[in-house]
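Reproduced below: start_38.cif, with mmCIF, C-alpha atoms.
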data_my_file
#
loop_
_atom_site.label_atom_id
_atom_site.label_comp_id
_atom_site.auth_asym_id
_atom_site.auth_seq_id
_atom_site.Cartn_x
_atom_site.Cartn_y
_atom_site.Cartn_z
CA MET A 239 -24.87 -47.08 -2.03
CA PRO A 240 -21.76 -47.35 -4.23
CA ALA A 241 -19.52 -50.33 -3.74
CA ARG A 242 -16.29 -49.78 -1.77
CA PRO A 243 -13.24 -49.85 -4.13
CA THR A 244 -10.97 -52.83 -3.74
CA PRO A 245 -7.20 -52.48 -3.13
CA ARG A 246 -6.59 -53.65 -6.70
CA THR A 247 -8.86 -50.86 -8.02
CA LEU A 248 -7.09 -48.22 -5.89
CA ILE A 249 -3.67 -49.32 -7.13
CA ALA A 250 -4.83 -49.19 -10.74
CA THR A 251 -6.29 -45.69 -10.24
CA LEU A 252 -3.06 -44.42 -8.66
CA ALA A 253 -1.00 -45.89 -11.53
CA MET A 254 -3.19 -44.08 -14.07
CA ALA A 255 -2.81 -40.78 -12.17
CA LEU A 256 0.97 -41.08 -12.08
CA ALA A 257 0.99 -41.66 -15.84
CA THR A 258 -0.73 -38.33 -16.56
CA PRO A 259 1.30 -35.37 -17.93
CA ALA A 260 1.08 -33.58 -14.57
CA PHE A 261 3.27 -36.27 -13.01
CA ALA A 262 5.24 -37.36 -16.05
CA ALA A 263 8.08 -34.88 -15.48
CA ILE A 264 8.59 -35.74 -11.80
CA PRO A 265 11.78 -37.78 -11.42
CA PRO A 266 11.47 -40.94 -9.38
CA ALA A 267 12.80 -40.91 -5.83
CA VAL A 268 14.73 -44.15 -6.29
CA ASP A 269 18.32 -45.21 -7.07
CA GLY A 270 19.68 -41.84 -5.91
CA GLN A 271 17.55 -39.84 -8.34
CA PRO A 272 16.63 -36.32 -7.05
CA VAL A 273 13.10 -35.66 -5.85
CA PRO A 274 11.29 -32.44 -6.84
CA SER A 275 12.55 -29.57 -4.68
CA LEU A 276 12.40 -25.78 -4.54
CA ALA A 277 15.70 -25.69 -2.67
CA PRO A 278 17.90 -24.73 -5.66
CA MET A 279 15.62 -21.82 -6.52
CA LEU A 280 15.35 -20.65 -2.90
CA ALA A 281 19.13 -20.77 -2.50
CA LYS A 282 19.25 -17.92 -5.05
CA VAL A 283 16.24 -16.05 -3.66
CA THR A 284 16.72 -15.99 0.11
CA PRO A 285 19.94 -13.88 0.21
CA ALA A 286 17.95 -11.05 -1.38
CA VAL A 287 15.18 -11.11 1.26
CA VAL A 288 16.00 -9.08 4.36
CA ASN A 289 14.64 -8.52 7.85
CA ILE A 290 13.61 -4.98 8.76
CA SER A 291 13.31 -3.73 12.34
CA THR A 292 12.18 -0.23 13.21
CA LYS A 293 11.99 2.03 16.23
CA THR A 294 9.53 4.89 16.43
CA ARG A 295 9.52 7.39 19.27
CA VAL A 296 5.95 8.39 20.05
CA ARG A 297 5.00 11.09 22.50
CA ALA A 298 2.84 9.69 25.28
CA ARG A 299 -0.70 11.00 25.17
CA GLY A 300 -2.83 11.67 28.20
CA ALA A 301 -4.88 14.28 29.95
CA TYR A 302 -2.11 15.17 32.44
CA TYR A 303 1.11 14.96 30.44
CA ASP A 304 0.98 18.60 29.36
CA ASP A 305 -0.41 20.00 32.60
CA PRO A 306 2.19 22.38 34.08
CA LEU A 307 1.02 21.72 37.67
CA ILE A 308 1.46 17.96 37.27
CA ALA A 309 4.86 18.53 35.69
CA GLN A 310 5.87 20.75 38.65
CA LEU A 311 4.72 18.21 41.21
CA PHE A 312 6.17 15.08 39.61
CA GLY A 313 9.01 16.46 37.51
CA GLN A 314 10.33 13.77 35.21
CA GLY A 315 8.26 11.03 36.83
CA ILE A 316 5.75 11.07 34.00
CA PRO A 317 7.02 9.43 30.80
CA ARG A 318 6.80 11.90 27.91
CA GLU A 319 7.39 9.42 25.10
CA ARG A 320 7.58 5.74 24.40
CA VAL A 321 9.47 3.72 21.80
CA GLU A 322 7.48 1.46 19.52
CA GLN A 323 9.27 -1.38 17.74
CA SER A 324 8.14 -3.44 14.79
CA LEU A 325 9.43 -6.14 12.49
CA GLY A 326 8.93 -6.70 8.79
CA SER A 327 10.68 -7.84 5.66
CA GLY A 328 12.11 -6.35 2.48
CA VAL A 329 13.58 -7.30 -0.88
CA VAL A 330 16.86 -6.16 -2.42
CA VAL A 331 16.07 -5.10 -5.99
CA ASP A 332 19.31 -3.25 -6.86
CA ALA A 333 22.50 -4.77 -5.48
CA ALA A 334 24.83 -2.06 -6.82
CA LYS A 335 22.91 0.84 -5.24
CA GLY A 336 21.55 -1.02 -2.21
CA TYR A 337 17.87 -0.36 -2.91
CA VAL A 338 15.35 -2.36 -0.87
CA LEU A 339 11.61 -2.55 -1.60
CA THR A 340 9.23 -2.95 1.33
CA ASN A 341 5.84 -1.76 2.63
CA ASN A 342 5.04 1.74 3.79
CA HIS A 343 3.32 0.31 6.86
CA VAL A 344 6.58 -1.41 7.85
CA VAL A 345 8.80 1.70 7.83
CA GLY A 346 6.53 4.75 7.48
CA GLY A 347 7.11 7.24 10.31
CA ALA A 348 10.00 5.24 11.82
CA ASP A 349 12.91 7.09 13.44
CA ASP A 350 15.41 4.24 13.14
CA ILE A 351 15.41 1.50 10.51
CA THR A 352 17.77 -1.48 10.64
CA VAL A 353 18.10 -3.97 7.79
CA THR A 354 19.52 -7.41 8.58
CA LEU A 355 20.79 -9.59 5.74
CA GLN A 356 20.59 -13.35 5.62
CA ASP A 357 24.32 -13.56 6.41
CA GLY A 358 23.77 -11.68 9.68
CA ARG A 359 25.09 -8.26 8.68
CA ASP A 360 23.17 -5.25 10.01
CA PHE A 361 22.89 -1.85 8.35
CA LYS A 362 21.17 1.40 9.24
CA ALA A 363 18.86 2.14 6.33
CA LYS A 364 18.12 5.44 4.66
CA LEU A 365 14.45 5.99 3.86
CA ILE A 366 14.31 7.11 0.21
CA GLY A 367 10.56 7.59 0.17
CA THR A 368 7.18 6.11 0.98
CA ASP A 369 3.79 6.05 -0.72
CA PRO A 370 0.90 5.32 1.67
CA ASP A 371 -1.61 5.10 -1.20
CA THR A 372 0.07 1.96 -2.59
CA ASP A 373 1.79 0.86 0.66
CA VAL A 374 5.19 0.89 -1.07
CA ALA A 375 8.45 2.19 0.42
CA VAL A 376 12.07 2.25 -0.76
CA LEU A 377 15.14 2.00 1.49
CA GLN A 378 18.85 2.20 0.76
CA ILE A 379 21.60 0.41 2.64
CA PRO A 380 25.39 0.96 2.34
CA ALA A 381 26.17 -2.72 1.88
CA GLU A 382 28.56 -4.57 -0.38
CA ARG A 383 28.21 -8.08 -1.78
CA LEU A 384 24.44 -7.78 -2.03
CA GLN A 385 22.30 -10.12 -4.10
CA ALA A 386 19.20 -8.71 -5.80
CA LEU A 387 16.14 -10.47 -7.13
CA PRO A 388 15.33 -10.25 -10.83
CA VAL A 389 11.95 -8.58 -11.33
CA ALA A 390 9.35 -10.34 -13.48
CA ASP A 391 6.45 -8.78 -15.37
CA SER A 392 3.57 -9.40 -12.97
CA ALA A 393 1.09 -8.72 -15.80
CA GLN A 394 2.00 -12.18 -17.13
CA LEU A 395 0.78 -13.94 -13.97
CA ARG A 396 -2.15 -16.31 -14.28
CA VAL A 397 -4.48 -17.76 -11.70
CA GLY A 398 -3.02 -21.16 -10.90
CA ASP A 399 0.64 -20.19 -11.28
CA PHE A 400 2.80 -21.52 -8.44
CA VAL A 401 4.42 -18.92 -6.17
CA VAL A 402 6.57 -18.87 -3.03
CA ALA A 403 6.41 -16.27 -0.24
CA VAL A 404 9.65 -15.49 1.60
CA GLY A 405 9.88 -13.30 4.70
CA ASP A 406 10.31 -13.22 8.48
CA PRO A 407 6.94 -14.11 10.09
CA PHE A 408 6.57 -13.33 13.81
CA GLY A 409 10.31 -12.62 13.99
CA LEU A 410 11.06 -16.35 13.83
CA GLY A 411 13.64 -15.95 11.09
CA GLN A 412 13.56 -16.28 7.35
CA THR A 413 10.77 -18.58 6.20
CA ALA A 414 9.53 -19.81 2.81
CA THR A 415 5.98 -20.97 2.11
CA SER A 416 4.51 -22.17 -1.15
CA GLY A 417 1.14 -21.90 -2.83
CA MET A 418 -0.39 -20.56 -5.99
CA VAL A 419 -1.96 -17.42 -7.39
CA SER A 420 -5.55 -17.62 -6.18
CA ALA A 421 -6.84 -14.48 -7.90
CA LEU A 422 -5.63 -11.31 -9.63
CA ASN A 423 -6.59 -7.63 -9.58
CA ARG A 424 -8.12 -7.75 -6.12
CA THR A 425 -9.48 -4.38 -4.97
CA GLY A 426 -11.85 -3.04 -2.33
CA LEU A 427 -9.68 -4.25 0.57
CA GLY A 428 -9.38 -0.90 2.30
CA LYS A 429 -8.02 2.47 1.30
CA GLY A 430 -5.53 3.43 -1.35
CA ILE A 431 -4.65 2.27 -4.84
CA GLN A 432 -5.10 -1.48 -5.09
CA ASN A 433 -4.43 -4.18 -7.61
CA PHE A 434 -3.47 -7.11 -5.37
CA ILE A 435 -2.30 -10.59 -6.21
CA GLN A 436 -4.17 -13.02 -3.98
CA THR A 437 -2.29 -16.15 -2.93
CA ASP A 438 -2.73 -19.07 -0.57
CA ALA A 439 1.02 -19.17 0.17
CA SER A 440 1.14 -18.62 3.91
CA ILE A 441 1.66 -14.94 4.84
CA ASN A 442 1.74 -13.89 8.48
CA PRO A 443 2.65 -10.79 10.52
CA GLY A 444 6.31 -10.04 9.81
CA ASN A 445 6.04 -11.23 6.20
CA SER A 446 4.97 -7.73 5.17
CA GLY A 447 7.41 -6.32 2.63
CA GLY A 448 8.81 -9.74 1.78
CA ALA A 449 9.06 -11.40 -1.60
CA LEU A 450 6.49 -13.29 -3.63
CA VAL A 451 8.43 -15.14 -6.34
CA ASN A 452 7.62 -17.47 -9.20
CA LEU A 453 9.28 -20.86 -9.66
CA ARG A 454 12.11 -19.22 -11.61
CA GLY A 455 13.01 -17.20 -8.53
CA GLU A 456 11.81 -13.92 -10.05
CA LEU A 457 10.03 -11.28 -7.97
CA VAL A 458 6.34 -11.00 -8.91
CA GLY A 459 4.98 -9.24 -5.82
CA ILE A 460 5.65 -7.61 -2.45
CA ASN A 461 3.72 -9.33 0.34
CA SER A 462 1.48 -6.76 1.97
CA MET A 463 -1.52 -8.01 3.93
CA ILE A 464 -3.75 -10.91 4.87
CA PHE A 465 -7.45 -11.45 5.35
CA THR A 466 -8.05 -13.27 8.61
CA PRO A 467 -10.76 -13.57 11.26
CA SER A 468 -8.23 -14.89 13.80
CA GLY A 469 -5.03 -12.88 13.28
CA GLY A 470 -3.20 -15.80 11.66
CA ASN A 471 -2.97 -17.15 8.14
CA VAL A 472 -6.10 -18.74 6.69
CA GLY A 473 -4.87 -19.03 3.12
CA ILE A 474 -5.91 -15.57 1.93
CA GLY A 475 -2.90 -13.31 1.48
CA PHE A 476 -2.27 -10.35 -0.78
CA ALA A 477 0.81 -9.01 -2.53
CA ILE A 478 1.46 -5.79 -4.45
CA PRO A 479 2.30 -6.75 -8.06
CA THR A 480 5.74 -5.75 -9.28
CA ASP A 481 4.45 -3.63 -12.15
CA LEU A 482 2.75 -1.40 -9.56
CA ALA A 483 5.57 -1.52 -6.98
CA THR A 484 8.35 -0.74 -9.47
CA SER A 485 6.35 2.10 -11.02
CA VAL A 486 6.05 3.70 -7.59
CA MET A 487 9.72 2.98 -6.82
CA LYS A 488 10.87 4.87 -9.93
CA GLN A 489 9.01 7.97 -8.81
CA LEU A 490 10.27 7.71 -5.23
CA LEU A 491 13.83 7.45 -6.49
CA ALA A 492 13.38 10.36 -8.88
CA TYR A 493 11.34 12.76 -6.74
CA GLY A 494 11.20 11.36 -3.20
CA LYS A 495 7.44 11.09 -3.55
CA VAL A 496 4.82 9.99 -6.07
CA ARG A 497 3.59 12.78 -8.34
CA ARG A 498 0.12 11.70 -9.32
CA GLY A 499 -1.98 13.02 -12.11
CA ASN A 500 -5.67 13.75 -11.92
CA LEU A 501 -8.38 13.31 -14.54
CA GLY A 502 -10.80 15.45 -12.56
CA VAL A 503 -13.66 12.98 -12.77
CA GLU A 504 -15.96 11.39 -10.21
CA VAL A 505 -17.28 7.90 -10.93
CA GLN A 506 -19.35 5.18 -9.33
CA ASP A 507 -20.04 1.51 -9.89
CA ILE A 508 -22.80 0.48 -12.27
CA THR A 509 -25.62 -1.38 -10.53
CA PRO A 510 -28.18 -3.47 -12.45
CA ARG A 511 -30.68 -0.60 -12.07
CA ILE A 512 -28.24 1.94 -13.46
CA ALA A 513 -27.39 -0.41 -16.32
CA THR A 514 -31.08 -0.69 -17.18
CA ALA A 515 -31.60 3.07 -16.99
CA LEU A 516 -28.63 3.74 -19.27
CA GLY A 517 -29.49 0.93 -21.67
CA LEU A 518 -26.28 -1.00 -20.94
CA LYS A 519 -25.87 -4.70 -21.61
CA ASP A 520 -24.01 -5.40 -18.33
CA THR A 521 -22.62 -3.70 -15.22
CA ASN A 522 -19.02 -3.49 -16.41
CA GLY A 523 -17.48 -0.03 -16.46
CA ALA A 524 -17.90 3.06 -14.30
CA VAL A 525 -20.48 5.81 -14.78
CA VAL A 526 -19.31 9.43 -14.61
CA THR A 527 -21.17 11.36 -11.89
CA GLY A 528 -19.15 14.57 -11.96
CA VAL A 529 -16.51 16.42 -13.99
CA THR A 530 -14.35 19.14 -12.41
CA ALA A 531 -14.37 22.38 -14.38
CA GLY A 532 -11.05 23.03 -16.08
CA SER A 533 -9.80 19.50 -15.48
CA PRO A 534 -8.30 17.16 -18.13
CA ALA A 535 -11.63 15.28 -18.27
CA ASP A 536 -13.48 18.55 -18.85
CA GLY A 537 -11.04 19.58 -21.56
CA ALA A 538 -11.43 16.21 -23.27
CA GLY A 539 -15.22 16.60 -23.39
CA LEU A 540 -16.17 13.94 -20.83
CA GLN A 541 -19.72 14.41 -19.57
CA THR A 542 -21.84 13.35 -16.64
CA GLY A 543 -23.64 10.12 -17.54
CA ASP A 544 -20.81 8.84 -19.75
CA VAL A 545 -19.67 5.29 -19.04
CA LEU A 546 -15.94 4.66 -18.93
CA THR A 547 -15.29 1.20 -20.38
CA ALA A 548 -11.50 1.27 -20.84
CA ILE A 549 -8.46 3.41 -20.13
CA ASP A 550 -5.57 3.04 -22.58
CA GLY A 551 -7.09 -0.21 -23.77
CA LYS A 552 -7.36 -1.72 -20.28
CA ALA A 553 -10.92 -2.68 -19.42
CA VAL A 554 -12.66 -0.78 -16.63
CA ARG A 555 -14.83 -3.06 -14.52
CA SER A 556 -15.57 -0.76 -11.59
CA ALA A 557 -15.03 2.71 -10.15
CA GLN A 558 -12.03 1.35 -8.21
CA ASP A 559 -10.36 0.46 -11.51
CA VAL A 560 -10.63 4.11 -12.57
CA ARG A 561 -9.13 5.34 -9.28
CA ASN A 562 -6.31 2.80 -9.45
CA THR A 563 -5.40 3.68 -13.03
CA GLU A 564 -5.76 7.41 -12.47
CA GLY A 565 -3.44 7.26 -9.47
CA LEU A 566 -0.65 5.67 -11.53
CA LEU A 567 -0.84 7.73 -14.70
CA PRO A 568 2.41 9.69 -15.26
CA LEU A 569 2.18 13.44 -15.42
CA GLY A 570 2.10 14.90 -18.90
CA SER A 571 1.00 11.67 -20.53
CA GLN A 572 -1.80 11.33 -23.05
CA VAL A 573 -4.46 8.80 -22.08
CA LYS A 574 -7.19 7.31 -24.27
CA LEU A 575 -10.58 7.01 -22.62
CA SER A 576 -13.08 4.59 -24.14
CA VAL A 577 -16.58 5.87 -23.46
CA GLN A 578 -20.16 4.86 -24.10
CA ARG A 579 -22.54 7.81 -24.51
CA GLU A 580 -26.20 7.30 -25.36
CA GLY A 581 -25.51 3.82 -26.70
CA ALA A 582 -22.62 4.88 -28.97
CA ALA A 583 -18.97 4.02 -28.32
CA ARG A 584 -16.29 6.66 -28.76
CA ASP A 585 -12.67 7.30 -27.79
CA ILE A 586 -11.45 10.60 -26.37
CA THR A 587 -7.95 11.71 -25.36
CA ALA A 588 -7.02 13.56 -22.19
CA SER A 589 -3.70 15.02 -20.97
CA ILE A 590 -2.82 14.11 -17.39
CA GLU A 591 -2.05 17.10 -15.19
CA ALA A 592 -0.93 17.41 -11.60
CA SER A 593 -3.61 17.69 -8.96
CA LYS A 594 -3.84 21.33 -7.89
CA LEU A 595 -4.28 21.12 -4.13
CA ALA A 596 -4.40 24.16 -1.89
CA THR A 597 -1.70 24.29 0.80
CA LEU A 598 -1.13 26.29 3.98
CA ASP A 599 1.90 26.76 6.22
CA GLY A 600 0.84 25.37 9.59
CA ALA A 601 2.34 28.35 11.43
CA LYS A 602 -0.19 30.63 9.73
CA LEU A 603 -3.00 28.58 11.27
CA ASP A 604 -1.39 28.27 14.71
CA LYS A 605 2.19 28.72 15.89
CA ARG A 606 2.06 25.27 17.48
CA LEU A 607 1.77 23.82 13.96
CA ALA A 608 4.99 25.44 12.74
CA GLY A 609 7.06 23.01 10.70
CA VAL A 610 4.00 21.39 9.09
CA THR A 611 2.31 21.92 5.72
CA LEU A 612 -1.45 21.46 5.46
CA THR A 613 -2.90 20.36 2.12
CA ASP A 614 -6.34 19.64 0.74
CA LEU A 615 -7.26 16.00 0.37
CA THR A 616 -6.87 14.31 -2.99
CA PRO A 617 -9.93 13.13 -4.95
CA GLU A 618 -8.94 9.56 -4.04
CA GLN A 619 -9.00 10.37 -0.33
CA LYS A 620 -12.36 12.13 -0.63
CA ALA A 621 -13.73 9.11 -2.51
CA GLN A 622 -12.82 7.03 0.54
CA GLY A 623 -15.10 9.20 2.68
CA LEU A 624 -12.31 11.21 4.34
CA TYR A 625 -12.62 14.90 5.13
CA GLY A 626 -10.27 17.50 6.58
CA VAL A 627 -6.69 18.38 5.60
CA ALA A 628 -3.61 16.21 5.12
CA LEU A 629 -0.25 16.79 6.77
CA ALA A 630 2.96 16.98 4.75
CA ASN A 631 6.59 17.89 5.37
CA VAL A 632 6.29 17.31 9.13
CA GLN A 633 9.71 18.35 10.46
CA LYS A 634 11.26 16.16 13.15
CA THR A 635 12.06 19.22 15.25
CA SER A 636 8.44 20.42 15.26
CA ALA A 637 5.98 20.16 18.12
CA ALA A 638 3.66 18.29 15.76
CA TYR A 639 6.26 15.55 15.21
CA GLN A 640 6.89 15.30 18.95
CA ALA A 641 3.13 14.86 19.41
CA GLY A 642 3.23 11.87 17.08
CA LEU A 643 1.98 13.49 13.87
CA ARG A 644 3.45 12.22 10.61
CA ASP A 645 3.31 12.89 6.87
CA GLY A 646 0.06 11.59 5.40
CA ASP A 647 -1.99 11.98 8.59
CA VAL A 648 -5.42 13.54 8.04
CA VAL A 649 -6.67 16.14 10.54
CA ALA A 650 -10.45 15.80 10.53
CA GLN A 651 -11.25 18.09 13.48
CA ILE A 652 -9.54 20.86 15.40
CA GLY A 653 -11.04 21.02 18.85
CA GLN A 654 -14.64 20.03 18.30
CA ARG A 655 -14.90 21.69 14.89
CA ARG A 656 -14.83 19.77 11.64
CA VAL A 657 -12.10 20.92 9.25
CA PRO A 658 -13.65 21.97 5.92
CA GLY A 659 -10.42 22.19 3.91
CA VAL A 660 -7.47 24.54 3.56
CA LYS A 661 -9.52 27.49 2.27
CA GLY A 662 -11.83 27.31 5.28
CA LEU A 663 -9.02 27.66 7.83
CA PRO A 664 -8.17 30.97 9.53
CA THR A 665 -4.67 32.43 9.09
CA THR A 666 -4.39 34.40 12.33
CA GLY A 667 -1.49 32.34 13.68
CA THR A 668 -3.38 31.32 16.79
CA LEU A 669 -6.46 29.25 17.49
CA GLY A 670 -6.41 30.12 21.18
CA GLY A 671 -6.64 27.79 24.14
CA ARG A 672 -3.90 26.31 26.28
CA GLN A 673 -3.95 23.06 24.31
CA LEU A 674 -4.63 22.35 20.68
CA LEU A 675 -6.66 19.12 20.28
CA LEU A 676 -6.56 17.47 16.85
CA THR A 677 -8.65 14.51 15.68
CA VAL A 678 -6.32 12.55 13.42
CA VAL A 679 -7.02 9.75 10.95
CA ARG A 680 -4.17 7.42 10.06
CA ASP A 681 -4.83 4.30 8.00
CA ASP A 682 -7.98 2.84 9.58
CA ALA A 683 -7.41 4.33 13.05
CA VAL A 684 -8.65 7.55 14.63
CA TYR A 685 -6.87 9.17 17.58
CA TYR A 686 -6.31 12.49 19.35
CA ALA A 687 -3.12 14.51 19.28
CA VAL A 688 -2.51 17.31 21.77
CA LEU A 689 -0.12 20.20 21.13
#

As a first step, turn the structure in this file into structure tokens.
Amino acid sequence: MPARPTPRTLIATLAMALATPAFAAIPPAVDGQPVPSLAPMLAKVTPAVVNISTKTRVRARGAYYDDPLIAQLFGQGIPRERVEQSLGSGVVVDAAKGYVLTNNHVVGGADDITVTLQDGRDFKAKLIGTDPDTDVAVLQIPAERLQALPVADSAQLRVGDFVVAVGDPFGLGQTATSGMVSALNRTGLGKGIQNFIQTDASINPGNSGGALVNLRGELVGINSMIFTPSGGNVGIGFAIPTDLATSVMKQLLAYGKVRRGNLGVEVQDITPRIATALGLKDTNGAVVTGVTAGSPADGAGLQTGDVLTAIDGKAVRSAQDVRNTEGLLPLGSQVKLSVQREGAARDITASIEASKLATLDGAKLDKRLAGVTLTDLTPEQKAQGLYGVALANVQKTSAAYQAGLRDGDVVAQIGQRRVPGVKGLPTTGTLGGRQLLLTVVRDDAVYYAVL
């Protein structure tokens, strides 16, 4: 059993630790000297972090709400809609134009959005656009005297860098928590395009959309989600890196939506067995399992069985890396694909083209779906195991909107029948029946909508 250290030994050990470079720059807290503090940096950051509150009117769902007999008997006694409220955070990134970055899940589908500044001013926000695939949204407020955060290159982040999360957890008011970058390029945490920064800076409900900044007060990420078995912070939080968030923001500002390209390739992870069968040294990369005829990948000569090892010089470690990169490639760009084929490495070039998805005016399917556009699912959505058709351009005056349907929802079933895709839908203008029952997938939830 080791001997217990004496007080003299403990003092000597502490003195040696304080003499190391890690502590050498810390000013002493004596004779009026300042102690280390993040306060000066936060004084510049916090005015740019805002509170966001939303109201969403959702039509009440139930077996009797649309029954004409019940309506005749009880009149207005049955509530036809309810108002859902939520809180989140946002970051001012352009003071002159009033642009605010936040999360799609904070403002997506909201009817009223209010932004509250640190100085107490409230503004009704205009929703510029949202992108559910990356969970990014852009707002605009008509405010003067705004302060914006400078945006850093998140690609320069390293594991171990110190960061601070600023937001409004649980509606308590603006709060700052510190920690470090725990990991980079986190994926596989649900659906969508992912490239998360993982941090142990405390992030809680209400922090979503808030700022993750470095010690220079520069924005490096938009706080987005946490991993928790209890509902509270356990030191595993995730933020969208600024290089991803700002790329999406530019498209939302330019087009109101993200115009994604499509390589036209299906890939899967490389298991040890697949690596052995293909004669690979390791499991890095993604093996091509399918190439769509006429797609950019087909035109470039990509073949089933090829292994994608890099895209534009960035290493591919998994199939998710391919989906993430593919979803952010600008239309019309040339992309270099590094491929291993039968043990030989080669580079091929592909031109990124827009995904050609079939669409259908909802009124042609059924008059109750007037004011809605139905579209085929993207390859990314199909890769997530989804099936059916996606909703777009849901007009606020439509019956679909009143029933709670929103842009990005996926209709998996109509009645009890599985939806095969746009081309498999009838165009008679009526599906019959007094009520139209839709099975809808939104994020990770499944619910019924009745029209």

Next item on the list: Expand the PyMOL selection byres ((chain A and resi 678) around 9) into the individual residues it matches in the shown file, reporting them as a ChimeraX atom specification.
Entry: /A:643,647-651,676-677,679-680,683-687

Check: For the file shown, what are the residues hit by the PyMOL selection byres ((chain A and resi 344) around 8), laid out as an NGL selection string?
Finding: :A and (290 or 292 or 324-327 or 340-343 or 345-346 or 446-447)

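For the pair CA of Val627 in chain A and CA of Ala557 in chain A, the separation is 23.7 Å.
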
Within 9 Å of Ser576 in chain A using only C-alpha atoms, minus same-chain residues under 6 positions, as a PDB file with C-alpha atoms, in the coordinates of the input:
ATOM      1  CA  VAL A 545     -19.670   5.290 -19.040  1.00  0.00           C
ATOM      2  CA  LEU A 546     -15.940   4.660 -18.930  1.00  0.00           C
ATOM      3  CA  THR A 547     -15.290   1.200 -20.380  1.00  0.00           C
ATOM      4  CA  ALA A 548     -11.500   1.270 -20.840  1.00  0.00           C
ATOM      5  CA  ILE A 549      -8.460   3.410 -20.130  1.00  0.00           C
ATOM      6  CA  ASP A 550      -5.570   3.040 -22.580  1.00  0.00           C
ATOM      7  CA  GLY A 551      -7.090  -0.210 -23.770  1.00  0.00           C
ATOM      8  CA  ALA A 553     -10.920  -2.680 -19.420  1.00  0.00           C
ATOM      9  CA  ALA A 583     -18.970   4.020 -28.320  1.00  0.00           C
ATOM     10  CA  ARG A 584     -16.290   6.660 -28.760  1.00  0.00           C
ATOM     11  CA  ASP A 585     -12.670   7.300 -27.790  1.00  0.00           C
ATOM     12  CA  ILE A 586     -11.450  10.600 -26.370  1.00  0.00           C
ATOM     13  CA  THR A 587      -7.950  11.710 -25.360  1.00  0.00           C
TER      14      THR A 587
END

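The point (3.2, -15.1, 15.8) has these residues within 8 Å of it when only C-alpha atoms are used: Pro407, Phe408, Gly409, Asn442, Pro443 and Gly470 of chain A.
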
Item checked: Output of the PyMOL selection byres ((chain A and resi 497-509) around 7), listed as a PyMOL selection string -> chain A and resi 495-496+510-513+521-530+533-535+556-557+564-569+590-593

From the structure just shown, export range 579-615 of chain A with C-alpha atoms as a PDB file, in the first residue's frame.
ATOM      1  CA  ARG A 579     -11.406  -0.156 -58.259  1.00  0.00           C
ATOM      2  CA  GLU A 580      -9.931  -3.654 -58.244  1.00  0.00           C
ATOM      3  CA  GLY A 581      -7.030  -2.523 -56.083  1.00  0.00           C
ATOM      4  CA  ALA A 582      -6.113   0.484 -58.253  1.00  0.00           C
ATOM      5  CA  ALA A 583      -6.682   4.106 -57.243  1.00  0.00           C
ATOM      6  CA  ARG A 584      -8.114   6.578 -59.725  1.00  0.00           C
ATOM      7  CA  ASP A 585      -9.758  10.009 -59.790  1.00  0.00           C
ATOM      8  CA  ILE A 586     -12.886  10.777 -61.794  1.00  0.00           C
ATOM      9  CA  THR A 587     -14.807  14.033 -62.221  1.00  0.00           C
ATOM     10  CA  ALA A 588     -18.566  14.466 -62.045  1.00  0.00           C
ATOM     11  CA  SER A 589     -20.820  17.496 -62.647  1.00  0.00           C
ATOM     12  CA  ILE A 590     -23.410  18.074 -59.938  1.00  0.00           C
ATOM     13  CA  GLU A 591     -26.959  18.346 -61.240  1.00  0.00           C
ATOM     14  CA  ALA A 592     -30.262  19.047 -59.545  1.00  0.00           C
ATOM     15  CA  SER A 593     -32.235  16.091 -58.293  1.00  0.00           C
ATOM     16  CA  LYS A 594     -35.067  15.435 -60.737  1.00  0.00           C
ATOM     17  CA  LEU A 595     -38.012  14.620 -58.496  1.00  0.00           C
ATOM     18  CA  ALA A 596     -41.501  13.999 -59.804  1.00  0.00           C
ATOM     19  CA  THR A 597     -44.167  16.383 -58.488  1.00  0.00           C
ATOM     20  CA  LEU A 598     -47.964  16.433 -58.420  1.00  0.00           C
ATOM     21  CA  ASP A 599     -50.492  19.156 -57.630  1.00  0.00           C
ATOM     22  CA  GLY A 600     -52.391  17.872 -54.605  1.00  0.00           C
ATOM     23  CA  ALA A 601     -55.733  18.910 -56.110  1.00  0.00           C
ATOM     24  CA  LYS A 602     -55.216  16.376 -58.905  1.00  0.00           C
ATOM     25  CA  LEU A 603     -55.001  13.619 -56.302  1.00  0.00           C
ATOM     26  CA  ASP A 604     -57.905  14.875 -54.188  1.00  0.00           C
ATOM     27  CA  LYS A 605     -59.610  18.257 -53.968  1.00  0.00           C
ATOM     28  CA  ARG A 606     -59.045  18.263 -50.216  1.00  0.00           C
ATOM     29  CA  LEU A 607     -55.305  18.480 -50.928  1.00  0.00           C
ATOM     30  CA  ALA A 608     -55.604  21.655 -52.997  1.00  0.00           C
ATOM     31  CA  GLY A 609     -52.874  24.130 -52.123  1.00  0.00           C
ATOM     32  CA  VAL A 610     -50.252  21.410 -51.604  1.00  0.00           C
ATOM     33  CA  THR A 611     -47.508  20.044 -53.865  1.00  0.00           C
ATOM     34  CA  LEU A 612     -46.536  16.383 -53.563  1.00  0.00           C
ATOM     35  CA  THR A 613     -42.965  15.397 -54.454  1.00  0.00           C
ATOM     36  CA  ASP A 614     -40.973  12.196 -54.557  1.00  0.00           C
ATOM     37  CA  LEU A 615     -38.558  11.641 -51.701  1.00  0.00           C
TER      38      LEU A 615
END
